[in-house]
Structure formats: structure tokens, C-alpha cells
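K.L.:
Provided below: run.txt, containing compact mmCIF, C-alpha atoms.
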# COMPACT_ATOMS: atom_id res chain seq x y z
CA MET I 1 0.00 0.00 0.00
CA VAL I 2 1.11 3.57 -0.65
CA ALA I 3 0.32 7.02 0.71
CA LEU I 4 -0.49 9.80 -1.75
CA VAL I 5 0.69 13.31 -0.90
CA VAL I 6 -1.06 15.76 -3.20
CA ALA I 7 -0.01 19.29 -4.13
CA THR I 8 -1.07 21.80 -6.75
CA THR I 9 1.10 24.27 -8.63
CA THR I 10 -1.67 26.90 -8.42
CA ASP I 11 -1.35 27.39 -4.65
CA PRO I 12 1.79 28.75 -2.93
CA ALA I 13 0.81 27.06 0.35
CA SER I 14 0.72 23.76 -1.53
CA ILE I 15 3.78 24.00 -3.75
CA GLY I 16 5.97 25.40 -0.94
CA PRO I 17 5.64 22.36 1.35
CA ALA I 18 5.82 20.01 -1.67
CA SER I 19 9.07 21.61 -2.85
CA ALA I 20 10.52 21.45 0.66
CA LEU I 21 9.55 17.79 0.93
CA LEU I 22 11.07 16.96 -2.45
CA SER I 23 14.35 18.60 -1.38
CA MET I 24 14.77 15.87 1.25
CA PRO I 25 16.65 12.65 0.39
CA GLY I 26 15.36 9.64 -1.49
CA TRP I 27 12.97 11.02 -4.10
CA HIS I 28 12.99 10.00 -7.73
CA PRO I 29 10.53 10.63 -10.59
CA GLY I 30 7.55 8.32 -10.85
CA PRO I 31 5.06 7.72 -13.64
CA SER I 32 3.01 10.57 -15.05
CA PHE I 33 -0.67 10.00 -15.64
CA GLU I 34 -3.29 12.31 -17.10
CA GLY I 35 -0.65 15.04 -17.17
CA ILE I 36 -0.02 14.77 -13.41
CA LYS I 37 3.61 14.43 -12.29
CA SER I 38 4.57 12.00 -9.55
CA PHE I 39 7.61 11.43 -7.35
CA ILE I 40 8.41 8.30 -5.34
CA ASN I 41 10.09 7.81 -1.97
CA GLN I 42 9.67 4.44 -0.25
CA GLY I 43 5.92 3.92 0.21
CA VAL I 44 4.99 7.54 -0.52
CA ARG I 45 3.90 9.04 -3.84
CA LEU I 46 3.84 12.82 -4.21
CA LEU I 47 1.51 14.04 -6.97
CA GLN I 48 1.59 17.53 -8.47
CA HIS I 49 -1.31 18.74 -10.60
CA ASP I 50 -2.26 22.11 -12.06
CA LYS I 51 -5.87 22.46 -10.92
CA GLY I 52 -7.37 23.77 -7.70
CA ILE I 53 -6.63 21.42 -4.82
CA VAL I 54 -10.33 20.48 -4.38
CA GLU I 55 -10.97 19.87 -8.09
CA GLU I 56 -9.27 16.52 -8.72
CA ASP I 57 -11.77 13.92 -7.50
CA ARG I 58 -10.99 10.22 -6.89
CA LEU I 59 -7.22 10.57 -7.26
CA ASP I 60 -6.82 7.39 -5.22
CA GLN I 61 -8.84 5.29 -7.66
CA ARG I 62 -7.23 6.93 -10.68
CA TRP I 63 -3.73 6.22 -9.32
CA GLU I 64 -4.67 2.62 -8.59
CA ASP I 65 -6.05 2.20 -12.12
CA ALA I 66 -2.92 3.73 -13.66
CA THR I 67 -0.29 1.92 -11.57
CA GLY I 68 -1.88 -1.09 -9.89
CA GLU I 69 -0.74 0.26 -6.50
CA VAL I 70 -3.32 0.26 -3.71
CA VAL I 71 -3.68 3.63 -1.98
CA ASP I 72 -3.87 3.56 1.82
CA GLU I 73 -4.33 7.27 2.56
CA LEU I 74 -4.23 10.77 1.04
CA ILE I 75 -2.62 13.91 2.46
CA PHE I 76 -3.21 17.25 0.75
CA PHE I 77 -1.07 20.39 1.04
CA SER I 78 -3.25 23.49 0.81
CA LYS I 79 -3.71 27.11 1.78
CA HIS I 80 -6.07 28.13 4.54
CA THR I 81 -8.10 31.33 4.54
CA ALA I 82 -9.77 33.03 7.50
CA VAL I 83 -11.57 36.31 8.08
CA SER I 84 -9.16 37.05 10.92
CA ASN I 85 -6.15 36.74 8.57
CA ARG I 86 -4.34 35.14 11.50
CA PRO I 87 -1.32 32.97 10.62
CA ALA I 88 -2.14 29.34 11.25
CA LEU I 89 -1.06 25.77 10.57
CA THR I 90 -4.04 23.43 10.46
CA VAL I 91 -5.09 19.84 9.86
CA HIS I 92 -8.59 18.53 9.25
CA PRO I 93 -10.79 15.78 7.74
CA ILE I 94 -12.87 16.45 4.64
CA GLY I 95 -16.46 16.09 3.51
CA VAL I 96 -19.73 17.98 3.06
CA PRO I 97 -22.16 15.57 4.75
CA HIS I 98 -24.67 18.31 5.59
CA LEU I 99 -25.41 19.27 1.99
CA ARG I 100 -28.54 17.97 0.27
CA GLU I 101 -28.60 16.12 -3.03
CA GLY I 102 -28.70 18.77 -5.74
CA ASP I 103 -26.74 21.32 -3.72
CA VAL I 104 -23.59 22.61 -5.39
CA PRO I 105 -20.65 22.24 -2.98
CA PRO I 106 -18.77 25.56 -2.91
CA GLN I 107 -15.41 23.82 -2.46
CA GLY I 108 -15.69 20.42 -4.07
CA GLY I 109 -16.87 17.07 -2.81
CA LYS I 110 -20.28 15.48 -3.17
CA PRO I 111 -23.42 16.38 -1.16
CA GLY I 112 -24.03 13.98 1.70
CA TRP I 113 -20.49 12.56 1.55
CA ALA I 114 -17.58 12.43 3.98
CA ALA I 115 -14.23 10.78 3.40
CA PRO I 116 -12.88 8.51 6.13
CA PRO I 117 -10.76 10.74 8.39
CA ASP I 118 -7.07 9.86 8.31
CA PRO I 119 -6.28 8.30 11.72
CA ARG I 120 -3.10 10.40 11.79
CA ILE I 121 -5.01 13.66 12.31
CA GLY I 122 -4.83 13.65 16.12
CA PRO I 123 -1.23 12.42 16.45
CA TRP I 124 -0.11 14.74 13.64
CA LEU I 125 -1.74 17.78 15.22
CA ARG I 126 0.31 17.16 18.35
CA HIS I 127 3.44 16.46 16.31
CA LEU I 128 2.87 19.61 14.25
CA LYS I 129 2.71 21.63 17.44
CA LYS I 130 6.05 20.19 18.58
CA ILE I 131 7.76 20.88 15.24
CA ALA I 132 6.38 24.43 15.05
CA GLU I 133 7.46 25.18 18.62
CA SER I 134 10.95 23.81 17.99
CA ARG I 135 11.32 26.17 15.03
CA SER I 136 9.87 29.21 16.82
CA LEU I 137 6.77 29.49 14.64
CA THR I 138 4.59 29.67 17.73
CA PRO I 139 2.96 31.76 19.09
CA GLU I 140 3.00 33.68 15.79
CA PHE I 141 1.25 30.76 14.07
CA GLU I 142 -1.75 29.15 15.70
CA ILE I 143 -1.67 25.34 15.57
CA THR I 144 -5.23 24.08 15.23
CA LEU I 145 -7.79 21.63 13.96
CA GLU I 146 -10.56 22.64 11.60
CA GLY I 147 -14.01 21.20 11.24
CA THR I 148 -14.84 18.78 8.43
CA HIS I 149 -15.35 20.70 5.20
CA HIS I 150 -14.81 20.70 1.41
CA GLY I 151 -13.58 18.17 -1.16
CA PRO I 152 -12.16 16.65 -3.28
CA GLU I 153 -14.13 13.44 -3.36
CA THR I 154 -12.31 10.29 -2.26
CA ASN I 155 -13.18 7.18 -0.30
CA LYS I 156 -9.80 6.63 1.35
CA PRO I 157 -8.64 8.01 4.72
CA THR I 158 -7.79 11.65 4.07
CA MET I 159 -6.49 14.76 5.75
CA PHE I 160 -5.59 18.30 4.71
CA ALA I 161 -2.48 20.06 6.05
CA GLU I 162 -2.78 23.79 5.52
CA ILE I 163 -0.92 27.09 5.92
CA GLY I 164 -2.98 30.20 6.64
CA SER I 165 -4.26 32.71 6.32
CA THR I 166 -3.00 35.27 3.73
CA GLU I 167 -0.61 35.27 0.81
CA GLU I 168 2.16 36.60 3.04
CA TYR I 169 2.00 33.43 5.15
CA TRP I 170 1.20 31.03 2.30
CA LYS I 171 4.62 31.91 0.88
CA ARG I 172 6.54 31.61 4.15
CA GLN I 173 9.35 29.14 3.64
CA ASP I 174 9.70 28.42 7.34
CA ALA I 175 6.02 27.42 7.48
CA ALA I 176 6.43 25.34 4.31
CA HIS I 177 9.40 23.54 5.84
CA VAL I 178 7.43 22.72 9.01
CA MET I 179 4.60 21.21 6.97
CA ALA I 180 7.09 19.22 4.91
CA LEU I 181 8.72 17.92 8.10
CA LEU I 182 5.29 16.92 9.39
CA VAL I 183 4.88 14.59 6.41
CA TRP I 184 8.54 13.51 6.32
CA GLU I 185 8.58 12.48 9.96
CA GLY I 186 4.90 11.57 10.16
CA LEU I 187 5.21 8.97 7.39
CA GLY I 188 8.56 7.68 8.64
CA LEU I 189 10.53 8.76 5.57
CA GLY I 190 13.48 9.92 7.68
CA GLY I 191 14.07 6.47 9.13
CA GLY I 192 12.13 6.90 12.34
CA ALA I 193 8.81 5.33 13.20
CA ALA I 194 5.78 6.78 11.44
CA VAL I 195 3.48 8.87 13.60
CA GLY I 196 -0.15 7.88 14.06
CA ASN I 197 -0.37 4.34 12.69
CA TRP I 198 -3.74 2.89 13.69
CA THR I 199 -4.10 -0.80 14.52
CA ARG I 200 -6.80 -2.77 16.30
CA GLU I 201 -4.22 -3.57 18.97
CA ASN I 202 -3.78 0.03 20.14
CA ASP I 203 -3.96 0.22 23.92
CA LYS I 204 -5.98 3.41 23.59
CA ASN I 205 -8.68 2.89 21.00
CA LYS I 206 -11.11 5.71 21.89
CA VAL I 207 -11.89 7.96 18.91
CA LEU I 208 -13.34 11.45 19.33
CA LEU I 209 -16.22 12.42 17.06
CA GLY I 210 -16.58 16.18 17.52
CA ILE I 211 -20.09 17.62 17.37
CA GLY I 212 -20.86 21.33 17.58
CA GLY I 213 -18.84 24.42 18.25
CA GLY I 214 -17.01 26.75 15.90
CA HIS I 215 -14.93 25.92 12.87
CA TYR I 216 -11.70 25.65 14.88
CA ALA I 217 -13.22 23.31 17.47
CA PRO I 218 -11.63 24.89 20.57
CA ARG I 219 -13.39 22.63 23.10
CA HIS I 220 -12.55 19.52 21.07
CA MET I 221 -8.96 20.80 20.79
CA ASP I 222 -8.65 20.84 24.57
CA ILE I 223 -9.00 17.06 24.50
CA VAL I 224 -7.18 16.28 21.25
CA LEU I 225 -3.98 17.97 22.41
CA LYS I 226 -3.63 15.29 25.08
CA ASP I 227 -1.45 12.32 24.12
CA GLY I 228 -3.24 9.22 22.91
CA VAL I 229 -6.42 10.81 21.59
CA TRP I 230 -7.58 9.78 18.10
CA VAL I 231 -9.72 12.09 15.98
CA GLY I 232 -12.63 11.30 13.68
CA HIS I 233 -14.90 13.78 11.97
CA LEU I 234 -15.46 17.22 13.47
CA LEU I 235 -18.90 18.65 12.74
CA SER I 236 -19.03 22.35 13.51
CA GLY I 237 -22.35 23.95 14.33
CA TYR I 238 -22.82 25.23 10.78
CA SER I 239 -22.59 21.62 9.56
CA LEU I 240 -25.61 20.62 11.64
CA PRO I 241 -28.59 22.52 10.18
CA MET I 242 -31.58 22.08 12.52
CA GLU I 243 -35.03 23.61 12.22
CA ASP I 244 -36.62 24.88 15.43
CA PRO I 245 -39.52 22.53 16.43
CA SER I 246 -40.97 24.97 18.98
CA HIS I 247 -44.48 24.78 17.52
CA SER I 248 -44.60 20.99 17.42
CA LYS I 249 -46.26 18.91 20.11
CA VAL I 250 -44.92 15.55 18.91
CA GLU I 251 -43.50 13.56 21.82
CA SER I 252 -40.16 12.67 20.21
CA ILE I 253 -38.62 15.87 18.91
CA THR I 254 -35.95 13.92 17.04
CA LYS I 255 -38.55 12.89 14.48
CA VAL I 256 -39.81 16.41 13.76
CA ILE I 257 -36.67 18.56 13.70
CA GLY I 258 -35.95 19.30 10.08
CA GLY I 259 -32.61 19.96 8.45
CA THR I 260 -29.75 17.74 7.37
CA TRP I 261 -28.19 17.32 10.81
CA ARG I 262 -29.15 13.63 11.14
CA GLU I 263 -27.62 12.72 7.80
CA ALA I 264 -24.48 14.72 8.55
CA ILE I 265 -23.99 12.87 11.84
CA ARG I 266 -24.86 9.45 10.41
CA VAL I 267 -22.49 9.78 7.45
CA SER I 268 -19.71 11.06 9.70
CA ILE I 269 -20.16 8.15 12.10
CA GLU I 270 -19.97 5.64 9.24
CA ALA I 271 -16.86 7.25 7.75
CA THR I 272 -15.15 7.43 11.13
CA ARG I 273 -15.93 3.80 11.89
CA SER I 274 -14.46 2.74 8.56
CA ALA I 275 -11.23 4.63 9.32
CA PHE I 276 -10.80 3.14 12.81
CA PRO I 277 -11.65 -0.58 12.64
CA GLY I 278 -11.96 -1.93 16.15
CA GLY I 279 -12.08 1.55 17.67
CA GLU I 280 -14.70 2.88 20.06
CA ILE I 281 -16.28 6.04 18.70
CA LEU I 282 -17.23 8.52 21.43
CA ALA I 283 -19.09 11.71 20.58
CA HIS I 284 -17.78 14.86 22.21
CA LEU I 285 -20.45 17.58 22.30
CA ASP I 286 -19.66 21.26 22.56
CA HIS I 287 -22.56 21.68 24.97
CA LYS I 288 -22.39 25.47 25.10
CA SER I 289 -23.06 25.75 21.38
CA PHE I 290 -26.47 24.03 21.54
CA LYS I 291 -29.90 25.01 22.78
CA SER I 292 -31.53 22.43 25.00
CA TRP I 293 -33.83 21.07 22.27
CA GLN I 294 -30.87 20.68 19.91
CA LYS I 295 -28.77 18.87 22.49
CA ASN I 296 -31.66 16.58 23.41
CA ALA I 297 -32.32 15.68 19.79
CA ILE I 298 -28.65 15.03 19.01
CA THR I 299 -28.26 12.93 22.17
CA GLU I 300 -31.30 10.85 21.24
CA PHE I 301 -30.08 10.33 17.69
CA LEU I 302 -26.58 9.33 18.85
CA GLY I 303 -28.19 6.73 21.07
CA GLU I 304 -30.04 5.33 18.07
CA GLN I 305 -26.65 5.04 16.32
CA ASN I 306 -25.12 3.25 19.34
CA ILE I 307 -22.71 6.12 19.97
CA LYS I 308 -21.95 7.11 23.55
CA ILE I 309 -21.28 10.71 24.56
CA GLY I 310 -17.89 10.99 26.19
CA LYS I 311 -16.60 13.24 28.93
CA PRO I 312 -12.99 14.46 28.72
CA LYS I 313 -11.65 11.69 30.98
CA ASP I 314 -13.27 9.02 28.80
CA TYR I 315 -10.82 9.53 25.91
CA PHE I 316 -7.68 8.63 27.81
Before we go any further, please render this structure as C-alpha cells.

P.N.:
Amino acid sequence: MVALVVATTTDPASIGPASALLSMPGWHPGPSFEGIKSFINQGVRLLQHDKGIVEEDRLDQRWEDATGEVVDELIFFSKHTAVSNRPALTVHPIGVPHLREGDVPPQGGKPGWAAPPDPRIGPWLRHLKKIAESRSLTPEFEITLEGTHHGPETNKPTMFAEIGSTEEYWKRQDAAHVMALLVWEGLGLGGGAAVGNWTRENDKNKVLLGIGGGHYAPRHMDIVLKDGVWVGHLLSGYSLPMEDPSHSKVESITKVIGGTWREAIRVSIEATRSAFPGGEILAHLDHKSFKSWQKNAITEFLGEQNIKIGKPKDYF
């Protein structure tokens, strides 16, 4: 099995880390397919294409068809944008599970879909923080998770590694080098052990499914920064559209609350389970972000899906 690292030449926050990674030892040219260049180093394949990073769907399947190699995971280098313009280094899972069929995803993907989250997300967030601190990028750069959002479409475990939040920072070579080191060390290319390999035999097999809160998941982050915590999908409040049932007198409010929140949660549970075979998925609710009727409905639905709600101590 191989890992695909994907970059695009149209994005400075993508090509910078890719160039820094390719400057490290052991790379040699691989096969080109559909005009996409590739480079090989042990079990890693770095692909460079010329479209927007969210535009090339099903790269895993297309690589497998072209080479016969089975893809185990995908890691994308990308820029991050934010209204605050604050410099940041981020990692996150992908998907748009809250969109309805017929909706046009603003940043790729397929409505009602979520890719399996790469099990490395939690361990890599903590490793990214260590690398950034060792190279004095913090506190200038915030090290953070993001909620599940955007494409491209794939069905393999996936994560995005991003530099934010303006062109000044997208072009920062020190930030690019940190993101390259994250992949270099995280995939074990430098000779050390890879970071974040999931197996059924892990002593700690609790996986956090984040529900609610803002895009940067601060209350989920408080838990994920602790050693040993695995991360599944992170559904921010905006990814859980719920219609107020205040005028309904039906006994079970779960059945009458409209919106795509149920489907978003269900799809995210399924994708997270597929990424962590043998793991125990525990939902972590950002309680302060919900009204009581929302929290009650989500709690009831999670019970129907056989998902327990965890307290901070439950993940360790």
C-alpha cells in the first residue's frame, strides 16, 4: 500500500511544502498520468497537478487504475483562509455531509459525503505543534484543527495540512518547511517510526467524534492535544442545520426537527468507523453551542446510532 501526498502548482501554500519535501533525500521521478507528475520515496507518492486542490476527485482510484498500486491514505497540502487573517497551521478531515442532493458544494466534494478521516489527524496535530514550537513558529502561528469541510471526493482516509491565512504566510518558507517535516517524519521517511499508525491492537482505542462548536473546534482541541487521543470527523455547528420545532407537540422531537443534521452525523459516524476498525467512537459535544432542544435531539439520535457521549476523561 502507498500514501499519496497531493499538491497543486496553483497554490503557494501547496507547492511550498511540496518543494521542501522533495528537497529531502530519497525522491525519484515516478510515472506521469493524465498530465499529473509524480515522485516516489519508499511507500509515498507525491503528486503535483495544475488544478485547484479540491478539483481533482478520486485521485486514489485513478492512481490505482494507472499503476496497480493500492492507496492507503491521502494527504493534501493546501492554503487556509480566514476572516481574521491570523497565521495558522491546520489539519482537518474532509467532507460535506450536511449538503442535500442537488446542492452545489462551494469547495468540491459530493453532497451527503464524507471521506474517512485519516487516523493520523490527532497524532499529527500534536506532532505539528512540537515541530512548530521547535522552530519558533509559535505563538506567531496558531496550531489548530478545523471542522470537516470541502472536497475533493475520495473514499480513502484523508487529511488536509494547511498554511494560513494570507498570501504573506502562504509563501513563508519556514512554514512550508514545518509542513514538509510533518509529512517527512509523520510517514517515517526519515528512518524513524511513522506517527499515528492505527491498529486494532492500540492500547488506547477511543476515537473522538466532535459535534458542535465553531470551525476551529476549541473545546474539542482541549482534549485532542492530550497524548493518545484519536480524531474522527469534526462537525461544527454550521454543519448541523436544525429547524426549530418549537411549535410541534410531537413527543419525540428527534422525528420532527428538520434539516440535514441527522444525515451529517450518520455519514460522519460511518466514515469514522471505517477509518478506525476496532475503535470505540465517542461523541464529544460542545454543549455550550447548543440550545436544550438541539442537544436533546442530538443525544437521542446518537443513542439510536449506538454512539456514547464521552466526557474528557473518557478519551484517555

K.L.:
Return the single residue from I:Pro245, I:Pro31, I:Ala275, I:Ala264 that is closest to Ser292 in chain I, with distances computed using all atoms listed in the file.

P.N.:
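Under the stated criterion, the closest residue is I:Pro245.
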
K.L.:
Tell me, counting all atoms listed in the file, for each residue of range 127-187 of chain I within 9 Å of range 199-215 of chain I, which pair of atoms is nearest and how far apart they are in Å to one decimal, in rows ordered by chain and increasing number, as a Markdown table.

P.N.:
| residue | atom | partner | partner_atom | distance |
| --- | --- | --- | --- | --- |
| I:Leu145 | CA | I:His215 | CA | 8.4 |
| I:Glu146 | CA | I:His215 | CA | 5.6 |
| I:Gly147 | CA | I:His215 | CA | 5.1 |
| I:Thr148 | CA | I:His215 | CA | 8.4 |

K.L.:
Skipping near chain neighbours, those fewer than 6 positions away, what residues fall within 9 Å of Arg120 in chain I using all atoms listed in the file, listed as a list in words?

P.N.:
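Answer for this query is Met159, Gly186, Val195, Gly196, Asn197, Trp198, Trp230 and Val231 of chain I.
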
K.L.:
If you measure from CA of Glu34 in chain I to CA of Ile94 in chain I, what distance in Å do you get, rounded to one decimal?

P.N.:
24.1 Å

K.L.:
Quick check, in Å to one decimal: how far apart do CA of Phe301 in chain I and CA of Ile257 in chain I lie?

P.N.:
11.3 Å

K.L.:
For range 71-83 of chain I, list every protein, DNA or RNA residue within 6 Å, evaluated using all atoms listed in the file, and leave out those in the same chain fewer than 2 positions away; present the list as a PyMOL selection string.

P.N.:
chain I and resi 1-7+13-14+60+85+156-165

K.L.:
Counting only C-alpha atoms, which of I:Phe33, I:Trp261, I:Trp184, I:Tyr238 gets nearest to His127 in chain I?

P.N.:
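When distances to His127 in chain I are compared using only C-alpha atoms, the smallest one comes from I:Trp184.
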
K.L.:
What gap, in Å, lies between CA of Met221 in chain I and CA of His284 in chain I?

P.N.:
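Separation between CA of Met221 in chain I and CA of His284 in chain I: 10.7 Å.
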
K.L.:
Can you find the residues with an atom no farther than 9 Å from (-8.9, 23.9, -6.1), counting all atoms listed in the file, and report them as JSON, numbers by chain?

P.N.:
{"I": [8, 10, 11, 51, 52, 53, 54, 55, 56, 78, 107, 108, 151, 152]}

K.L.:
Quick one: everything within 7 Å of Ile307 in chain I, counting only C-alpha atoms, minus sequence neighbours fewer than 6 positions away in the same chain. Send it as an NGL selection string.

P.N.:
:I and (281-283)

K.L.:
From the options I:Pro29, I:His98, I:Phe290, I:Ile36, which residue's atoms come nearest to Gly259 in chain I, counting only C-alpha atoms?

P.N.:
I:His98

K.L.:
I'd like the neighbourhood of Gly35 in chain I as a PyMOL selection string, where a residue qualifies if any of its atoms comes within 9 Å (using all atoms listed in the file), though same-chain residues fewer than 2 positions away should be ignored.

P.N.:
chain I and resi 32-33+37+49-50

K.L.:
Which residue gives the smallest distance to Ile121 in chain I among I:Leu234, I:Leu99, I:Val267, I:Leu302, with all atoms listed in the file counted?

P.N.:
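For Ile121 in chain I, the nearest of the candidates is I:Leu234.
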
K.L.:
If you take every atom of range 183-186 of chain I that the file lists and fit an axis-aligned box around them with 3 Å extra on each side, what centre and edge lengths come out in Å to one decimal, as JSON?

P.N.:
{"center_x": 6.7, "center_y": 13.1, "center_z": 8.2, "size_x": 9.7, "size_y": 9.0, "size_z": 9.8}

K.L.:
Find, counting only C-alpha atoms, the residue in I:Leu46, I:Leu125, I:Val104, I:Leu22 that gets nearest to Asp227 in chain I.

P.N.:
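Using only C-alpha atoms, Asp227 in chain I sits closest to I:Leu125.
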
K.L.:
Counting all atoms listed in the file, I want the residues whose atoms come within 9 Å of (10.8, 10.1, 1.9) in the file frame, returned as a list of chain:residue names.

P.N.:
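So the residues meeting the distance criterion are I:Leu21, I:Leu22, I:Met24, I:Pro25, I:Gly26, I:Trp27, I:Ile40, I:Asn41, I:Gln42, I:Gly43, I:Val44, I:Val183, I:Trp184, I:Glu185, I:Leu187, I:Gly188, I:Leu189, I:Gly190, I:Gly191.
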
K.L.:
So which one's closest to Pro312 in chain I, I:Gln294, I:Ser274, I:Glu263, I:Lys226? Using only C-alpha atoms, please.

P.N.:
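When distances to Pro312 in chain I are compared using only C-alpha atoms, the smallest one comes from I:Lys226.
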
K.L.:
What's the 10 Å shell around Leu137 in chain I, counting all atoms listed in the file, without same-chain residues fewer than 3 positions away, as a PyMOL selection string?

P.N.:
chain I and resi 87-89+129+131-134+140-143+174-175+178

K.L.:
Missing atoms in range 117-126 of chain I: can you complete it with all heavy atoms, as an mmCIF file, in the coordinates of the input?

P.N.:
data_model
loop_
_atom_site.group_PDB
_atom_site.id
_atom_site.type_symbol
_atom_site.label_atom_id
_atom_site.label_comp_id
_atom_site.auth_asym_id
_atom_site.auth_seq_id
_atom_site.Cartn_x
_atom_site.Cartn_y
_atom_site.Cartn_z
ATOM 1 N N PRO I 117 -11.821 9.872 7.876
ATOM 2 C CA PRO I 117 -10.760 10.740 8.390
ATOM 3 C C PRO I 117 -9.463 9.959 8.562
ATOM 4 O O PRO I 117 -9.476 8.826 9.066
ATOM 5 C CB PRO I 117 -11.305 11.209 9.739
ATOM 6 C CG PRO I 117 -12.272 10.142 10.147
ATOM 7 C CD PRO I 117 -12.859 9.590 8.882
ATOM 8 N N ASP I 118 -8.358 10.540 8.139
ATOM 9 C CA ASP I 118 -7.070 9.860 8.310
ATOM 10 C C ASP I 118 -6.809 9.710 9.816
ATOM 11 O O ASP I 118 -6.840 10.684 10.560
ATOM 12 C CB ASP I 118 -5.959 10.689 7.667
ATOM 13 C CG ASP I 118 -4.668 9.903 7.519
ATOM 14 O OD1 ASP I 118 -4.289 9.191 8.461
ATOM 15 O OD2 ASP I 118 -4.033 10.016 6.452
ATOM 16 N N PRO I 119 -6.543 8.480 10.288
ATOM 17 C CA PRO I 119 -6.280 8.300 11.720
ATOM 18 C C PRO I 119 -5.096 9.117 12.238
ATOM 19 O O PRO I 119 -4.963 9.305 13.453
ATOM 20 C CB PRO I 119 -5.992 6.794 11.833
ATOM 21 C CG PRO I 119 -6.770 6.192 10.710
ATOM 22 C CD PRO I 119 -6.643 7.189 9.584
ATOM 23 N N ARG I 120 -4.263 9.619 11.352
ATOM 24 C CA ARG I 120 -3.100 10.400 11.790
ATOM 25 C C ARG I 120 -3.468 11.802 12.285
ATOM 26 O O ARG I 120 -2.623 12.489 12.870
ATOM 27 C CB ARG I 120 -2.095 10.528 10.647
ATOM 28 C CG ARG I 120 -1.574 9.219 10.115
ATOM 29 C CD ARG I 120 -0.439 9.436 9.113
ATOM 30 N NE ARG I 120 -0.156 8.242 8.358
ATOM 31 C CZ ARG I 120 0.600 7.227 8.794
ATOM 32 N NH1 ARG I 120 1.125 7.278 10.002
ATOM 33 N NH2 ARG I 120 0.806 6.168 8.041
ATOM 34 N N ILE I 121 -4.681 12.260 12.046
ATOM 35 C CA ILE I 121 -5.010 13.660 12.310
ATOM 36 C C ILE I 121 -4.679 14.066 13.750
ATOM 37 O O ILE I 121 -4.031 15.094 13.975
ATOM 38 C CB ILE I 121 -6.495 13.936 11.988
ATOM 39 C CG1 ILE I 121 -6.715 13.880 10.466
ATOM 40 C CG2 ILE I 121 -6.925 15.297 12.530
ATOM 41 C CD1 ILE I 121 -8.177 13.978 10.037
ATOM 42 N N GLY I 122 -5.122 13.304 14.734
ATOM 43 C CA GLY I 122 -4.830 13.650 16.120
ATOM 44 C C GLY I 122 -3.345 13.606 16.442
ATOM 45 O O GLY I 122 -2.774 14.597 16.930
ATOM 46 N N PRO I 123 -2.670 12.468 16.188
ATOM 47 C CA PRO I 123 -1.230 12.420 16.450
ATOM 48 C C PRO I 123 -0.438 13.462 15.668
ATOM 49 O O PRO I 123 0.530 14.021 16.187
ATOM 50 C CB PRO I 123 -0.852 10.993 16.004
ATOM 51 C CG PRO I 123 -2.106 10.197 16.198
ATOM 52 C CD PRO I 123 -3.218 11.140 15.830
ATOM 53 N N TRP I 124 -0.846 13.754 14.430
ATOM 54 C CA TRP I 124 -0.110 14.740 13.640
ATOM 55 C C TRP I 124 -0.345 16.159 14.142
ATOM 56 O O TRP I 124 0.543 17.000 14.046
ATOM 57 C CB TRP I 124 -0.478 14.610 12.162
ATOM 58 C CG TRP I 124 0.303 13.539 11.458
ATOM 59 C CD1 TRP I 124 0.833 12.409 12.007
ATOM 60 C CD2 TRP I 124 0.645 13.498 10.072
ATOM 61 N NE1 TRP I 124 1.471 11.661 11.043
ATOM 62 C CE2 TRP I 124 1.370 12.297 9.843
ATOM 63 C CE3 TRP I 124 0.387 14.330 8.987
ATOM 64 C CZ2 TRP I 124 1.859 11.936 8.596
ATOM 65 C CZ3 TRP I 124 0.860 13.973 7.730
ATOM 66 C CH2 TRP I 124 1.598 12.797 7.536
ATOM 67 N N LEU I 125 -1.531 16.457 14.643
ATOM 68 C CA LEU I 125 -1.740 17.780 15.220
ATOM 69 C C LEU I 125 -0.761 18.010 16.366
ATOM 70 O O LEU I 125 -0.124 19.073 16.453
ATOM 71 C CB LEU I 125 -3.172 17.918 15.734
ATOM 72 C CG LEU I 125 -3.456 19.227 16.481
ATOM 73 C CD1 LEU I 125 -3.550 20.390 15.507
ATOM 74 C CD2 LEU I 125 -4.707 19.127 17.329
ATOM 75 N N ARG I 126 -0.618 17.017 17.226
ATOM 76 C CA ARG I 126 0.310 17.160 18.350
ATOM 77 C C ARG I 126 1.756 17.214 17.878
ATOM 78 O O ARG I 126 2.565 17.977 18.408
ATOM 79 C CB ARG I 126 0.090 15.995 19.333
ATOM 80 C CG ARG I 126 -1.326 15.997 19.935
ATOM 81 C CD ARG I 126 -1.502 14.939 20.997
ATOM 82 N NE ARG I 126 -1.537 13.576 20.485
ATOM 83 C CZ ARG I 126 -2.632 12.942 20.098
ATOM 84 N NH1 ARG I 126 -3.810 13.552 20.119
ATOM 85 N NH2 ARG I 126 -2.587 11.693 19.680
#
